Each structure stands twice: as structure tokens, then as C-alpha cells.
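Chemist: Data file run_13.txt (compact mmCIF, C-alpha atoms and all ligand atoms) is appended below.
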```
# COMPACT_ATOMS: atom_id res chain seq x y z
CA MET A 1405 -36.82 -15.72 126.09
CA ASN A 1406 -36.25 -19.31 124.90
CA ILE A 1407 -35.38 -21.38 127.94
CA VAL A 1408 -34.56 -25.06 128.29
CA MET A 1409 -34.78 -26.61 131.75
CA MET A 1410 -32.65 -29.61 132.65
CA GLY A 1411 -32.32 -31.64 135.81
CA ILE A 1412 -32.72 -35.05 137.36
CA GLN A 1413 -35.85 -36.29 139.03
CA GLY A 1414 -36.10 -34.61 142.42
CA SER A 1415 -34.33 -31.46 141.26
CA GLY A 1416 -37.59 -29.51 141.23
CA LYS A 1417 -37.49 -29.03 137.47
CA GLY A 1418 -41.26 -29.11 137.00
CA THR A 1419 -41.93 -26.68 139.85
CA GLN A 1420 -39.22 -24.24 138.80
CA SER A 1421 -40.39 -24.39 135.17
CA LYS A 1422 -43.89 -23.40 136.26
CA LEU A 1423 -42.62 -20.57 138.48
CA LEU A 1424 -40.46 -19.23 135.69
CA SER A 1425 -43.22 -19.50 133.13
CA ARG A 1426 -45.54 -17.48 135.37
CA HIS A 1427 -42.82 -14.93 136.18
CA LEU A 1428 -41.99 -14.32 132.52
CA ASP A 1429 -45.53 -14.82 131.22
CA ILE A 1430 -44.41 -17.33 128.61
CA PRO A 1431 -45.76 -20.90 128.28
CA HIS A 1432 -44.35 -23.86 130.17
CA ILE A 1433 -44.01 -26.61 127.59
CA SER A 1434 -43.60 -29.98 129.25
CA VAL A 1435 -42.98 -32.84 126.87
CA GLY A 1436 -44.76 -35.28 129.17
CA GLU A 1437 -47.84 -33.06 129.17
CA LEU A 1438 -47.62 -32.58 125.40
CA PHE A 1439 -47.75 -36.35 124.94
CA ARG A 1440 -50.76 -36.67 127.22
CA ASP A 1441 -52.50 -33.78 125.53
CA HIS A 1442 -51.99 -35.13 122.00
CA ILE A 1443 -53.06 -38.62 123.04
CA ASN A 1444 -56.18 -37.30 124.82
CA ARG A 1445 -57.17 -35.17 121.85
CA GLY A 1446 -56.52 -38.09 119.49
CA THR A 1447 -54.35 -36.07 117.09
CA GLU A 1448 -52.37 -37.80 114.35
CA LEU A 1449 -49.19 -37.39 116.36
CA GLY A 1450 -50.99 -38.53 119.48
CA LYS A 1451 -52.16 -41.72 117.77
CA LYS A 1452 -48.64 -42.45 116.55
CA ALA A 1453 -47.10 -41.72 119.95
CA GLU A 1454 -49.67 -43.81 121.75
CA GLN A 1455 -48.58 -47.01 120.01
CA TYR A 1456 -45.13 -46.66 121.52
CA VAL A 1457 -46.26 -45.39 124.90
CA ASN A 1458 -48.65 -48.35 125.31
CA LYS A 1459 -45.86 -50.80 124.57
CA GLY A 1460 -43.60 -49.01 127.03
CA GLU A 1461 -41.25 -48.08 124.21
CA LEU A 1462 -39.48 -44.82 123.54
CA VAL A 1463 -41.39 -42.58 121.17
CA PRO A 1464 -39.21 -42.08 118.05
CA ASP A 1465 -37.43 -38.76 117.66
CA HIS A 1466 -39.34 -37.58 114.60
CA ILE A 1467 -42.65 -37.79 116.48
CA VAL A 1468 -41.30 -36.04 119.58
CA ILE A 1469 -39.65 -33.37 117.44
CA ASP A 1470 -42.85 -32.73 115.48
CA MET A 1471 -44.83 -32.31 118.68
CA VAL A 1472 -42.35 -30.04 120.37
CA LEU A 1473 -41.56 -27.86 117.36
CA SER A 1474 -45.24 -27.31 116.65
CA ALA A 1475 -45.75 -26.24 120.29
CA LEU A 1476 -42.73 -23.92 120.09
CA GLY A 1477 -44.12 -22.45 116.88
CA SER A 1478 -47.55 -21.70 118.32
CA PRO A 1479 -48.56 -18.02 118.64
CA ASP A 1480 -48.50 -18.00 122.46
CA ALA A 1481 -44.84 -19.08 122.40
CA ARG A 1482 -43.81 -16.21 120.17
CA ALA A 1483 -42.17 -14.30 123.03
CA GLY A 1484 -40.48 -17.44 124.30
CA PHE A 1485 -41.05 -20.58 126.33
CA VAL A 1486 -39.85 -22.66 129.23
CA LEU A 1487 -39.21 -26.09 127.76
CA ASP A 1488 -39.06 -29.10 130.04
CA GLY A 1489 -38.13 -32.61 128.87
CA PHE A 1490 -36.53 -31.69 125.54
CA PRO A 1491 -34.01 -31.99 123.89
CA ARG A 1492 -33.04 -35.44 125.13
CA ASN A 1493 -30.44 -36.31 122.49
CA LYS A 1494 -28.31 -34.92 119.68
CA VAL A 1495 -30.98 -35.37 117.01
CA GLN A 1496 -33.56 -33.46 119.05
CA LEU A 1497 -31.00 -30.80 119.93
CA THR A 1498 -30.09 -30.24 116.28
CA ALA A 1499 -33.75 -29.97 115.27
CA MET A 1500 -34.35 -27.38 117.96
CA GLU A 1501 -31.21 -25.39 117.14
CA GLU A 1502 -32.38 -25.13 113.54
CA SER A 1503 -35.74 -23.64 114.46
CA ARG A 1504 -36.07 -22.15 117.97
CA PRO A 1505 -32.63 -22.34 119.60
CA ALA A 1506 -32.36 -22.06 123.37
CA GLU A 1507 -31.08 -18.71 124.61
CA TYR A 1508 -30.65 -20.13 128.09
CA ALA A 1509 -30.24 -23.68 129.32
CA ILE A 1510 -30.81 -23.98 133.03
CA LEU A 1511 -29.22 -27.01 134.63
CA LEU A 1512 -30.58 -27.80 138.08
CA GLU A 1513 -27.69 -29.58 139.72
CA LEU A 1514 -28.41 -32.00 142.51
CA ASP A 1515 -26.33 -34.81 143.94
CA GLU A 1516 -27.79 -38.28 143.86
CA GLN A 1517 -28.05 -38.58 147.65
CA THR A 1518 -30.12 -35.43 147.99
CA ALA A 1519 -32.32 -36.40 145.07
CA LEU A 1520 -32.90 -39.84 146.55
CA ARG A 1521 -33.67 -38.34 149.94
CA ARG A 1522 -36.26 -36.08 148.38
CA LEU A 1523 -37.85 -38.85 146.38
CA ALA A 1524 -37.66 -41.47 149.04
CA HIS A 1525 -40.93 -42.81 150.29
CA ARG A 1526 -39.33 -44.30 153.32
CA LEU A 1527 -36.34 -42.98 155.16
CA GLU A 1528 -34.69 -44.56 158.13
CA CYS A 1529 -32.56 -43.18 160.91
CA PRO A 1530 -29.43 -45.35 160.99
CA LYS A 1531 -29.13 -44.79 164.76
CA CYS A 1532 -32.59 -45.12 166.25
CA HIS A 1533 -34.17 -46.96 163.29
CA ILE A 1534 -37.20 -44.72 163.19
CA ILE A 1535 -38.85 -44.79 159.77
CA TYR A 1536 -40.11 -41.64 158.15
CA GLY A 1537 -42.39 -41.57 155.15
CA LYS A 1538 -44.25 -39.16 152.91
CA ASN A 1539 -47.08 -38.96 155.42
CA ILE A 1540 -44.85 -38.61 158.43
CA PRO A 1541 -41.89 -36.59 157.19
CA PRO A 1542 -39.13 -35.48 159.55
CA ARG A 1543 -39.43 -31.88 160.76
CA ARG A 1544 -36.14 -31.02 159.02
CA GLU A 1545 -35.67 -32.57 155.60
CA GLY A 1546 -33.42 -35.62 155.77
CA ILE A 1547 -32.70 -35.30 159.49
CA CYS A 1548 -33.96 -37.55 162.31
CA ASP A 1549 -36.32 -35.72 164.69
CA VAL A 1550 -35.02 -37.66 167.67
CA CYS A 1551 -31.25 -37.77 167.33
CA GLY A 1552 -30.45 -35.43 164.44
CA SER A 1553 -28.69 -38.09 162.33
CA PRO A 1554 -28.90 -37.80 158.55
CA LEU A 1555 -31.61 -40.19 157.39
CA VAL A 1556 -30.88 -42.91 154.85
CA GLN A 1557 -33.02 -44.58 152.24
CA ARG A 1558 -34.05 -48.08 153.26
CA ASP A 1559 -32.08 -50.63 151.26
CA ASP A 1560 -35.07 -52.84 150.71
CA ASP A 1561 -36.95 -50.16 148.86
CA GLN A 1562 -37.08 -51.15 145.19
CA GLU A 1563 -37.83 -47.53 144.39
CA VAL A 1564 -34.17 -46.66 144.90
CA ASP A 1565 -33.03 -48.83 142.00
CA ALA A 1566 -35.65 -47.41 139.69
CA ILE A 1567 -34.73 -43.85 140.65
CA LYS A 1568 -31.02 -44.56 140.22
CA ARG A 1569 -31.63 -46.06 136.78
CA ARG A 1570 -33.51 -42.94 135.70
CA MET A 1571 -30.72 -40.73 137.07
CA ASN A 1572 -28.04 -42.66 135.20
CA LEU A 1573 -30.06 -42.40 132.04
CA PHE A 1574 -30.38 -38.64 132.52
CA HIS A 1575 -26.63 -38.26 133.03
CA GLN A 1576 -25.90 -40.34 129.91
CA GLU A 1577 -28.35 -38.59 127.63
CA SER A 1578 -27.75 -35.07 128.88
CA LYS A 1579 -23.93 -35.11 128.79
CA GLU A 1580 -23.54 -34.08 125.15
CA ILE A 1581 -26.37 -31.57 125.39
CA ILE A 1582 -24.87 -29.91 128.47
CA GLN A 1583 -21.47 -29.74 126.75
CA TYR A 1584 -23.06 -28.17 123.70
CA TYR A 1585 -24.88 -25.49 125.69
CA GLU A 1586 -21.78 -24.86 127.76
CA ARG A 1587 -19.65 -24.25 124.65
CA LYS A 1588 -22.35 -22.01 123.26
CA GLY A 1589 -22.22 -19.99 126.49
CA VAL A 1590 -25.90 -20.35 127.35
CA LEU A 1591 -25.64 -22.88 130.18
CA LYS A 1592 -26.58 -21.71 133.68
CA ARG A 1593 -25.69 -24.07 136.51
CA ILE A 1594 -28.02 -23.80 139.47
CA ASP A 1595 -27.58 -25.37 142.91
CA ALA A 1596 -30.86 -27.26 143.24
CA SER A 1597 -30.14 -28.50 146.76
CA LEU A 1598 -31.48 -25.28 148.27
CA SER A 1599 -35.10 -24.43 149.02
CA GLU A 1600 -37.64 -23.86 146.26
CA SER A 1601 -37.56 -20.07 146.63
CA GLU A 1602 -33.76 -19.91 146.86
CA VAL A 1603 -33.44 -22.00 143.71
CA PHE A 1604 -35.89 -19.71 141.96
CA GLN A 1605 -33.95 -16.61 143.03
CA GLN A 1606 -30.75 -18.13 141.64
CA ILE A 1607 -32.48 -18.79 138.32
CA ILE A 1608 -33.80 -15.23 138.12
CA ARG A 1609 -30.34 -13.84 138.86
CA SER A 1610 -28.66 -16.12 136.32
CA LEU A 1611 -31.05 -14.85 133.64
CA GLY A 1612 -30.35 -11.26 134.64
CA ILE A 1613 -34.03 -10.46 135.06
ZN ZN B 1701 -32.40 -40.95 165.02
```
Can you turn what I pasted into C-alpha cells?
Ligand SMILES: [Zn+2]
Modeler:
Amino acid sequence: MNIVMMGIQGSGKGTQSKLLSRHLDIPHISVGELFRDHINRGTELGKKAEQYVNKGELVPDHIVIDMVLSALGSPDARAGFVLDGFPRNKVQLTAMEESRPAEYAILLELDEQTALRRLAHRLECPKCHIIYGKNIPPRREGICDVCGSPLVQRDDDQEVDAIKRRMNLFHQESKEIIQYYERKGVLKRIDASLSESEVFQQIIRSLGI
């Protein structure tokens, strides 16, 4: 089963990819991990990629495509894969479609507010101004322990801007890819606002397994 996972930061994409990979006994191929692996091993591709990564620049498509396609072509991926972080644009999509096309594209849908709430390091109750953090999370996610108000991200947290920028980028780059998979009839939309196990159950059902 060739599966592509898509979703914004906070959607649980990495976790769900791992669960699915274990469930189906096919490799989880994360592009971020592939980069790190190639760079650590000092492969030709790793050396090329490193020059861009060190400068904080985007690694050119042909390098990313080479890395991903060679991973998809490895013997342990013969029965399929759960691919995470690829394709990111039309060029990458075309390259993949020509070699190992996705049979399923799972889109973990999550609204920006929920994603921010999950990623937030500091949350504030707008009523009683109690601050919650990673170390002292509220008992119920996103809800004040004291008064039950929905918690909000503190405005002064620079993190919010960075997260929002990454989300916008995801929406921009994934639009065409989502449309393509939708037309092809392989797109599965999943409500990623639910709990980890509920999201996983939805994925399993959508794949009919
Ligand atoms: Zn409160």
C-alpha cells in the first residue's frame, strides 16, 4: 500500500504515520529523517543536501526527489510505504507519480486554532489569566482548570507567528497536490482534531483495512 500523509504541524502527522507503518508493517519514510540520515552517513546526496541545509536554504527538488525515490525503491518498501513530507510541489508530485504513485493520500485536517493550541508553549485563560505551559498543561486540552474558559495563545509569544508562517506555507504548497489527489480519487480527509486513537481509527476505516 503506497500511502502519502499530509497535514499541518500539530496535526499528528508524524505519530499517525508511525502507527500506520507499524499496523501495516511497511516502512515509515520521513523526508526530514531521510535528510538527517544521508547527512550523517555522508552520502553523495547527503553532502549536496547539507550545503543547502547549513545555509538555511531549501534543498533543490532534484536532490529531494533522488533521496525519496531511492528510499521508495528499496527492497523493504516493496509492499508499500507511509511517506511523510513528500511530495511538496508539482515537480516532486510528477516524479513520484511516474515511479511509485500514491494509492492513498491521507489529509489530516485541523483548523489553525486547534493546531496552535496544541503547539502552544504558553496558553492563557482570558478570564482568570492563569498561564498554562507544556510542563503544567490544563487537565482538559485547551480548557482552563479553574473556570472552564477556552484557553488562548499569549499574543506576545513569537512562536505563534512562526507557526502561522509554516501553516500558510503548507496551505500554499499543498493546494495543488490535494486537488490532484482529490481528482484522482485517492484523497482521504481525516478529522485530526480528535484524539490520537480516534484519528487512527478513522484512517484505518478510510483505507478499508
Ligand atoms: Zn480561567
Chemist: Of the candidates A:Glu1528, A:Asp1429, A:Glu1461, A:Asp1595, which shows the shortest atom-to-atom distance to ligand ZN 1701 (chain B), using all atoms listed in the file?
Modeler: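 The closest residue to ligand ZN 1701 (chain B) is A:Glu1528.
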Chemist: In Å, rounded to a single decimal, give me how far atom CA of Val1408 of chain A is from atom CA of Gln1583 of chain A.
Modeler: 14.0 Å
Chemist: Enumerate residues in contact with ligand ZN 1701 (chain B): an atom-to-atom distance of at most 12 Å, counting all atoms listed in the file. Format the result as JSON, numbers by chain.
Modeler: {"A": [1527, 1528, 1529, 1530, 1531, 1532, 1533, 1534, 1535, 1536, 1542, 1546, 1547, 1548, 1549, 1550, 1551, 1552, 1553, 1554, 1555, 1556]}
Chemist: Can you pull out the residues contacting Ala1475 of chain A? Cut-off 12 Å, using all atoms listed in the file, and skip same-chain residues under 2 positions away; I want them as a PyMOL selection string.
Modeler: chain A and resi 1431-1435+1437-1439+1441-1442+1468-1473+1477-1482+1484-1487+1490+1500+1503-1504
Chemist: Which is closest to Ile1430 of chain A among A:Leu1476, A:Val1590, A:Val1603, A:Ile1467, if we use all atoms listed in the file?
Modeler: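 Among the listed residues, A:Leu1476 lies closest to Ile1430 of chain A.
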Chemist: Identify the residues around (-33.3, -12.3, 134.6) within a radius of 12 Å, measuring from all atoms listed in the file in the coordinates stated by the file, and give them as a short mmCIF file (atom, residue, chain, number, x, y, z; two decimals) with C-alpha atoms, in the coordinates of the input.
Modeler:
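Result file point-v9.cif:
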```cif
data_model
loop_
_atom_site.label_atom_id
_atom_site.label_comp_id
_atom_site.auth_asym_id
_atom_site.auth_seq_id
_atom_site.Cartn_x
_atom_site.Cartn_y
_atom_site.Cartn_z
CA MET A 1405 -36.82 -15.72 126.09
CA ILE A 1407 -35.38 -21.38 127.94
CA LEU A 1424 -40.46 -19.23 135.69
CA HIS A 1427 -42.82 -14.93 136.18
CA LEU A 1428 -41.99 -14.32 132.52
CA TYR A 1508 -30.65 -20.13 128.09
CA LYS A 1592 -26.58 -21.71 133.68
CA PHE A 1604 -35.89 -19.71 141.96
CA GLN A 1605 -33.95 -16.61 143.03
CA GLN A 1606 -30.75 -18.13 141.64
CA ILE A 1607 -32.48 -18.79 138.32
CA ILE A 1608 -33.80 -15.23 138.12
CA ARG A 1609 -30.34 -13.84 138.86
CA SER A 1610 -28.66 -16.12 136.32
CA LEU A 1611 -31.05 -14.85 133.64
CA GLY A 1612 -30.35 -11.26 134.64
CA ILE A 1613 -34.03 -10.46 135.06
#
```
Chemist: Within 12 Å of segment 1561-1581 of chain A, which residues of segment 1435-1548 of chain A come that close, and what is the closest atom pair and distance in Å for each? Count only C-alpha atoms and give it as a Markdown table.
Modeler:
```
| residue | atom | partner | partner_atom | distance |
| --- | --- | --- | --- | --- |
| A:Gly1489 | CA | A:Phe1574 | CA | 10.5 |
| A:Phe1490 | CA | A:Ser1578 | CA | 10.0 |
| A:Pro1491 | CA | A:Ile1581 | CA | 7.8 |
| A:Arg1492 | CA | A:Glu1577 | CA | 6.2 |
| A:Asn1493 | CA | A:Glu1577 | CA | 6.0 |
| A:Lys1494 | CA | A:Ile1581 | CA | 6.9 |
| A:Val1495 | CA | A:Ile1581 | CA | 10.3 |
| A:Gln1496 | CA | A:Ile1581 | CA | 9.8 |
| A:Leu1497 | CA | A:Ile1581 | CA | 7.2 |
| A:Thr1498 | CA | A:Ile1581 | CA | 9.9 |
| A:Met1500 | CA | A:Ile1581 | CA | 11.7 |
| A:Glu1501 | CA | A:Ile1581 | CA | 11.4 |
| A:Ala1506 | CA | A:Ile1581 | CA | 11.4 |
| A:Ala1509 | CA | A:Ile1581 | CA | 9.6 |
| A:Ile1510 | CA | A:Ile1581 | CA | 11.6 |
| A:Leu1511 | CA | A:Ser1578 | CA | 10.0 |
| A:Glu1513 | CA | A:His1575 | CA | 11.0 |
| A:Leu1514 | CA | A:Met1571 | CA | 10.5 |
| A:Asp1515 | CA | A:Met1571 | CA | 10.1 |
| A:Glu1516 | CA | A:Met1571 | CA | 7.8 |
| A:Gln1517 | CA | A:Lys1568 | CA | 10.0 |
| A:Ala1519 | CA | A:Ile1567 | CA | 9.0 |
| A:Leu1520 | CA | A:Val1564 | CA | 7.1 |
| A:Arg1521 | CA | A:Val1564 | CA | 9.7 |
| A:Arg1522 | CA | A:Ile1567 | CA | 11.1 |
| A:Leu1523 | CA | A:Ile1567 | CA | 8.2 |
| A:Ala1524 | CA | A:Val1564 | CA | 7.5 |
| A:His1525 | CA | A:Glu1563 | CA | 8.2 |
| A:Arg1526 | CA | A:Asp1561 | CA | 7.7 |
| A:Leu1527 | CA | A:Asp1561 | CA | 9.6 |
| A:Glu1528 | CA | A:Asp1561 | CA | 11.1 |
| A:Gly1537 | CA | A:Asp1561 | CA | 12.0 |
```
Chemist: Next, the residues of the selection above should be written as a compact mmCIF listing (two decimals), in the coordinates of the input with C-alpha atoms.
Modeler:
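The file below, out.txt, is the result:
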```txt
# COMPACT_ATOMS: atom_id res chain seq x y z
CA GLY A 1489 -38.13 -32.61 128.87
CA PHE A 1490 -36.53 -31.69 125.54
CA PRO A 1491 -34.01 -31.99 123.89
CA ARG A 1492 -33.04 -35.44 125.13
CA ASN A 1493 -30.44 -36.31 122.49
CA LYS A 1494 -28.31 -34.92 119.68
CA VAL A 1495 -30.98 -35.37 117.01
CA GLN A 1496 -33.56 -33.46 119.05
CA LEU A 1497 -31.00 -30.80 119.93
CA THR A 1498 -30.09 -30.24 116.28
CA MET A 1500 -34.35 -27.38 117.96
CA GLU A 1501 -31.21 -25.39 117.14
CA ALA A 1506 -32.36 -22.06 123.37
CA ALA A 1509 -30.24 -23.68 129.32
CA ILE A 1510 -30.81 -23.98 133.03
CA LEU A 1511 -29.22 -27.01 134.63
CA GLU A 1513 -27.69 -29.58 139.72
CA LEU A 1514 -28.41 -32.00 142.51
CA ASP A 1515 -26.33 -34.81 143.94
CA GLU A 1516 -27.79 -38.28 143.86
CA GLN A 1517 -28.05 -38.58 147.65
CA ALA A 1519 -32.32 -36.40 145.07
CA LEU A 1520 -32.90 -39.84 146.55
CA ARG A 1521 -33.67 -38.34 149.94
CA ARG A 1522 -36.26 -36.08 148.38
CA LEU A 1523 -37.85 -38.85 146.38
CA ALA A 1524 -37.66 -41.47 149.04
CA HIS A 1525 -40.93 -42.81 150.29
CA ARG A 1526 -39.33 -44.30 153.32
CA LEU A 1527 -36.34 -42.98 155.16
CA GLU A 1528 -34.69 -44.56 158.13
CA GLY A 1537 -42.39 -41.57 155.15
```
